[in-house]
Amino acid sequence: MTFFKNIELGAGCGNFGKLFFSPCCLTDKNKELKIACDICHLDCFCDACELPFGENTFGIAILCNPYGYGFNTKEETEILLNELTRVLTDDSRIIIIGNHRNKYCTPKRIEKRIHQISLQGVNIHFTVKETDSACPYMGYPFLTTDGRKTNPNKEITLYVRKQFNTGLD
Ligand SMILES: C[S@@+](CC[C@H](N)C(=O)[O-])C[C@H]1O[C@@H](n2cnc3c(N)ncnc32)[C@H](O)[C@@H]1O
C-alpha cells in the first residue's frame with residue numbers, strides 16, 4: 001500500500017502535489033479526468049468535502065486554483081474546513097494557491113470566512129504571500145477547469161492547530 005504524507009484536492013490533470021509536496025495523494029472529484037487527461041496522475045477520485053481517509057492522516061492539504069468548491073460561501077467553507085481539519089494532523093497546513101480574482105479563494109474572502117465560522121477543537125491562523133518569480137512553483141502549468149493556462153498570484157496558508165483535551169482541570 002502506498003504511503004502518502006500530504007494530499008492535493010481538485011488536482012485536475014496536473015501533478016503539482018507530487019512535484020512539490022511528495023509523497024502526495026492526488027485527488028479530484030471528476031472521474032472523467034481518467035480519460036480526459038493526457039496522463040492521469042490521480043490516486044483517488046473523491047469530493048474535497050467528503051474524503052475517504054481517516055482522521056489525522058495528512059500533514060499538508062493543497063488546493064491549487066479551487067473552482068466549484070472552496071470558500072465562496074460560509075456554508076461551503078464550514079463543510080470543507082471541517083473535512084480538511086478532520087484528515088489533517090495537529091500542527092498541519094492547508095496551502096491554497098490561486099488568483100486574487102477567483103471567488104473560491106480570494107484572500108479577503110478566506111479570512112472573512114475563517115472569522116465567520118467556528119470549528120470545534122481547531123484553531124486556524126492565516127497568512128498570505130504573493131507568488132513572484134522567486135516562488136518555486138512559477139514554471140508550473142496551472143490550469144482552469146476547462147484546460148486554459150492560469151497564473152495564480154497568491155499563496156494563502158492556513159496553519160491548523162488542534163486542541164486536545166488533556167483531561168486536566
Ligand atoms: C480550476 S481546476 C484546477 C486544476 C489544478 N488544480 C490546477 O491548478 O491546474 C479545478 C479542479 O477542481 C475540481 N473540483 C471541482 N469541485 C470539486 C470538489 N468538490 N472536490 C474535488 N475536486 C473538485 C475540478 O474537477 C477541477 O479538476
# chains A, B, ... in the order shown; residues from 1 in each chain; ligands from 1
call {"tool": "residues_near_ligand", "arguments": {"ligand": "ligand 1", "cutoff": "6 Å", "atoms": "only C-alpha atoms and all ligand atoms", "output": "CSV table (one decimal) with N, CA and C atoms, in the first residue's frame"}}
result
chain,number,residue,atom,x,y,z
A,9,LEU,N,-6.2,18.4,-3.3
A,9,LEU,CA,-7.6,18.4,-3.6
A,9,LEU,C,-7.8,19.0,-5.0
A,10,GLY,N,-8.7,18.6,-5.8
A,10,GLY,CA,-9.0,19.2,-7.1
A,10,GLY,C,-7.8,19.3,-7.9
A,11,ALA,N,-7.0,18.2,-8.0
A,11,ALA,CA,-5.7,18.3,-8.7
A,11,ALA,C,-5.8,18.3,-10.2
A,12,GLY,N,-7.0,18.0,-10.8
A,12,GLY,CA,-7.1,18.0,-12.2
A,12,GLY,C,-6.2,17.1,-12.9
A,14,GLY,N,-3.1,17.7,-13.4
A,14,GLY,CA,-1.7,18.1,-13.1
A,14,GLY,C,-1.1,17.1,-12.1
A,28,ASP,N,-9.3,14.2,-7.1
A,28,ASP,CA,-10.2,15.1,-7.8
A,28,ASP,C,-11.6,14.5,-7.8
A,29,LYS,N,-12.6,15.3,-7.9
A,29,LYS,CA,-14.0,14.8,-7.9
A,29,LYS,C,-14.4,14.2,-9.3
A,30,ASN,N,-13.8,14.7,-10.3
A,30,ASN,CA,-14.2,14.4,-11.7
A,30,ASN,C,-13.6,13.1,-12.2
A,47,ASP,N,-14.7,13.8,-3.6
A,47,ASP,CA,-15.0,15.2,-3.3
A,47,ASP,C,-14.2,15.7,-2.2
A,48,ALA,N,-13.7,17.0,-2.3
A,48,ALA,CA,-12.9,17.6,-1.3
A,48,ALA,C,-13.6,17.7,0.0
A,64,CYS,N,-4.9,24.0,-5.5
A,64,CYS,CA,-4.4,24.9,-6.5
A,64,CYS,C,-5.6,25.3,-7.3
A,65,ASN,N,-5.9,26.6,-7.4
A,65,ASN,CA,-7.0,27.1,-8.2
A,65,ASN,C,-8.3,26.4,-8.0
A,66,PRO,N,-8.7,26.3,-6.7
A,66,PRO,CA,-10.0,25.6,-6.4
A,66,PRO,C,-11.1,26.3,-7.2
A,67,TYR,N,-11.9,25.6,-7.9
A,67,TYR,CA,-13.1,26.1,-8.6
A,67,TYR,C,-14.2,25.2,-8.5
A,68,GLY,N,-15.4,25.7,-8.1
A,68,GLY,CA,-16.5,24.8,-7.9
A,68,GLY,C,-16.6,24.3,-6.4
A,69,TYR,N,-15.6,24.6,-5.7
A,69,TYR,CA,-15.6,24.2,-4.3
A,69,TYR,C,-14.6,25.2,-3.6
A,142,PHE,N,-0.3,25.7,-14.3
A,142,PHE,CA,-1.6,25.7,-13.6
A,142,PHE,C,-2.7,25.8,-14.7
A,143,LEU,N,-3.8,25.1,-14.5
A,143,LEU,CA,-4.9,25.1,-15.5
A,143,LEU,C,-6.3,25.5,-14.9
A,144,THR,N,-7.1,26.1,-15.7
A,144,THR,CA,-8.5,26.3,-15.3
A,144,THR,C,-9.3,25.0,-15.5
A,145,THR,N,-10.5,25.0,-15.0
A,145,THR,CA,-11.3,23.7,-15.2
A,145,THR,C,-11.5,23.3,-16.7
call {"tool": "residues_around", "arguments": {"residues": "stretch 34-39 of chain A", "least_positions_apart": "3", "cutoff": "8 Å", "atoms": "only C-alpha atoms", "output": "PDB file with N, CA and C atoms, in the first residue's frame"}}
result
ATOM      1  N   CYS A  13      -5.676  17.495 -14.100  1.00  0.00           N
ATOM      2  CA  CYS A  13      -4.741  16.642 -14.857  1.00  0.00           C
ATOM      3  C   CYS A  13      -3.303  16.870 -14.416  1.00  0.00           C
ATOM      4  N   LYS A  31     -14.450  12.085 -12.311  1.00  0.00           N
ATOM      5  CA  LYS A  31     -13.966  10.781 -12.787  1.00  0.00           C
ATOM      6  C   LYS A  31     -13.625  10.798 -14.275  1.00  0.00           C
ATOM      7  N   LEU A  42      -3.910  11.046 -11.014  1.00  0.00           N
ATOM      8  CA  LEU A  42      -4.759  10.992  -9.811  1.00  0.00           C
ATOM      9  C   LEU A  42      -4.692   9.632  -9.115  1.00  0.00           C
TER      10      LEU A  42
END
call {"tool": "select_by_dssp", "arguments": {"residues": "stretch 37-151 of chain A", "states": "strand (DSSP E)", "output": "list in words"}}
result
Cys44, Phe45, Phe58, Gly59, Ile60, Ala61, Ile62, Leu63, Cys64, Leu88, Thr89, Asp90, Asp91, Ser92, Arg93, Ile94, Ile95, Ile96, Ile97, Gly98, Val122, Asn123, Ile124, His125, Phe126, Thr127, Val128, Lys129 and Glu130 of chain A
call {"tool": "residues_around", "arguments": {"residues": "A:Asp90", "least_positions_apart": "3", "cutoff": "7 Å", "atoms": "only C-alpha atoms", "output": "VMD selection string"}}
result
chain A and resid 160 to 162
call {"tool": "write_last_selection", "arguments": {"atoms": "C-alpha atoms", "output": "PDB file, in the first residue's frame"}}
result
ATOM      1  CA  VAL A 160      -4.097  24.247  11.765  1.00  0.00           C
ATOM      2  CA  ARG A 161      -3.775  23.574  15.490  1.00  0.00           C
ATOM      3  CA  LYS A 162      -5.967  21.012  17.160  1.00  0.00           C
TER       4      LYS A 162
END
call {"tool": "residues_around", "arguments": {"residues": "A:Pro107", "least_positions_apart": "2", "cutoff": "10 Å", "atoms": "only C-alpha atoms", "output": "PyMOL selection string"}}
result
chain A and resi 71+96+98-105+109-113+126-129+154-157
call {"tool": "closest_residue", "arguments": {"among": "A:Glu8, A:Glu32, A:Asp132, A:Glu50", "to": "A:Asn82", "atoms": "only C-alpha atoms"}}
result
A:Glu50
call {"tool": "decode", "arguments": {"residues": "stretch 49-72 of chain A", "atoms": "N, CA and C atoms", "output": "PDB file, in the first residue's frame"}}
result
ATOM      1  N   CYS A  49     -14.934  17.655  -0.043  1.00  0.00           N
ATOM      2  CA  CYS A  49     -15.745  17.789   1.170  1.00  0.00           C
ATOM      3  C   CYS A  49     -16.171  16.442   1.736  1.00  0.00           C
ATOM      4  N   GLU A  50     -15.747  15.357   1.102  1.00  0.00           N
ATOM      5  CA  GLU A  50     -16.105  14.015   1.583  1.00  0.00           C
ATOM      6  C   GLU A  50     -14.948  13.072   1.276  1.00  0.00           C
ATOM      7  N   LEU A  51     -13.939  13.113   2.111  1.00  0.00           N
ATOM      8  CA  LEU A  51     -12.690  12.401   1.815  1.00  0.00           C
ATOM      9  C   LEU A  51     -12.689  10.992   2.414  1.00  0.00           C
ATOM     10  N   PRO A  52     -12.324   9.998   1.599  1.00  0.00           N
ATOM     11  CA  PRO A  52     -12.352   8.611   2.086  1.00  0.00           C
ATOM     12  C   PRO A  52     -11.079   8.248   2.869  1.00  0.00           C
ATOM     13  N   PHE A  53     -10.696   9.094   3.811  1.00  0.00           N
ATOM     14  CA  PHE A  53      -9.483   8.875   4.600  1.00  0.00           C
ATOM     15  C   PHE A  53      -9.819   9.084   6.079  1.00  0.00           C
ATOM     16  N   GLY A  54      -9.022   8.442   6.917  1.00  0.00           N
ATOM     17  CA  GLY A  54      -9.268   8.538   8.352  1.00  0.00           C
ATOM     18  C   GLY A  54      -8.780   9.855   8.949  1.00  0.00           C
ATOM     19  N   GLU A  55      -9.052  10.030  10.234  1.00  0.00           N
ATOM     20  CA  GLU A  55      -8.621  11.247  10.948  1.00  0.00           C
ATOM     21  C   GLU A  55      -7.097  11.284  11.081  1.00  0.00           C
ATOM     22  N   ASN A  56      -6.544  12.482  11.128  1.00  0.00           N
ATOM     23  CA  ASN A  56      -5.104  12.693  11.390  1.00  0.00           C
ATOM     24  C   ASN A  56      -4.196  11.929  10.417  1.00  0.00           C
ATOM     25  N   THR A  57      -4.531  11.973   9.135  1.00  0.00           N
ATOM     26  CA  THR A  57      -3.781  11.188   8.142  1.00  0.00           C
ATOM     27  C   THR A  57      -2.691  11.993   7.427  1.00  0.00           C
ATOM     28  N   PHE A  58      -2.947  13.291   7.157  1.00  0.00           N
ATOM     29  CA  PHE A  58      -2.027  14.060   6.305  1.00  0.00           C
ATOM     30  C   PHE A  58      -1.455  15.275   7.034  1.00  0.00           C
ATOM     31  N   GLY A  59      -0.238  15.685   6.607  1.00  0.00           N
ATOM     32  CA  GLY A  59       0.412  16.852   7.196  1.00  0.00           C
ATOM     33  C   GLY A  59       0.103  18.147   6.455  1.00  0.00           C
ATOM     34  N   ILE A  60      -0.115  18.044   5.140  1.00  0.00           N
ATOM     35  CA  ILE A  60      -0.412  19.247   4.333  1.00  0.00           C
ATOM     36  C   ILE A  60      -1.530  18.913   3.346  1.00  0.00           C
ATOM     37  N   ALA A  61      -2.510  19.821   3.240  1.00  0.00           N
ATOM     38  CA  ALA A  61      -3.539  19.713   2.197  1.00  0.00           C
ATOM     39  C   ALA A  61      -3.314  20.877   1.227  1.00  0.00           C
ATOM     40  N   ILE A  62      -3.308  20.571  -0.073  1.00  0.00           N
ATOM     41  CA  ILE A  62      -3.017  21.594  -1.086  1.00  0.00           C
ATOM     42  C   ILE A  62      -4.230  21.779  -2.002  1.00  0.00           C
ATOM     43  N   LEU A  63      -4.565  23.038  -2.249  1.00  0.00           N
ATOM     44  CA  LEU A  63      -5.630  23.360  -3.201  1.00  0.00           C
ATOM     45  C   LEU A  63      -5.053  24.355  -4.195  1.00  0.00           C
ATOM     46  N   CYS A  64      -4.922  23.957  -5.455  1.00  0.00           N
ATOM     47  CA  CYS A  64      -4.448  24.891  -6.480  1.00  0.00           C
ATOM     48  C   CYS A  64      -5.632  25.300  -7.337  1.00  0.00           C
ATOM     49  N   ASN A  65      -5.868  26.580  -7.417  1.00  0.00           N
ATOM     50  CA  ASN A  65      -6.973  27.116  -8.219  1.00  0.00           C
ATOM     51  C   ASN A  65      -8.286  26.384  -7.958  1.00  0.00           C
ATOM     52  N   PRO A  66      -8.732  26.325  -6.697  1.00  0.00           N
ATOM     53  CA  PRO A  66     -10.002  25.644  -6.432  1.00  0.00           C
ATOM     54  C   PRO A  66     -11.119  26.331  -7.200  1.00  0.00           C
ATOM     55  N   TYR A  67     -11.945  25.553  -7.877  1.00  0.00           N
ATOM     56  CA  TYR A  67     -13.073  26.139  -8.608  1.00  0.00           C
ATOM     57  C   TYR A  67     -14.237  25.163  -8.544  1.00  0.00           C
ATOM     58  N   GLY A  68     -15.393  25.664  -8.066  1.00  0.00           N
ATOM     59  CA  GLY A  68     -16.544  24.796  -7.884  1.00  0.00           C
ATOM     60  C   GLY A  68     -16.614  24.280  -6.450  1.00  0.00           C
ATOM     61  N   TYR A  69     -15.582  24.562  -5.695  1.00  0.00           N
ATOM     62  CA  TYR A  69     -15.570  24.220  -4.274  1.00  0.00           C
ATOM     63  C   TYR A  69     -14.594  25.195  -3.609  1.00  0.00           C
ATOM     64  N   GLY A  70     -14.736  25.408  -2.306  1.00  0.00           N
ATOM     65  CA  GLY A  70     -13.788  26.316  -1.653  1.00  0.00           C
ATOM     66  C   GLY A  70     -14.460  27.209  -0.634  1.00  0.00           C
ATOM     67  N   PHE A  71     -14.167  28.523  -0.732  1.00  0.00           N
ATOM     68  CA  PHE A  71     -14.503  29.456   0.344  1.00  0.00           C
ATOM     69  C   PHE A  71     -15.520  30.514  -0.093  1.00  0.00           C
ATOM     70  N   ASN A  72     -16.280  30.201  -1.167  1.00  0.00           N
ATOM     71  CA  ASN A  72     -17.192  31.212  -1.702  1.00  0.00           C
ATOM     72  C   ASN A  72     -18.281  31.601  -0.700  1.00  0.00           C
TER      73      ASN A  72
END
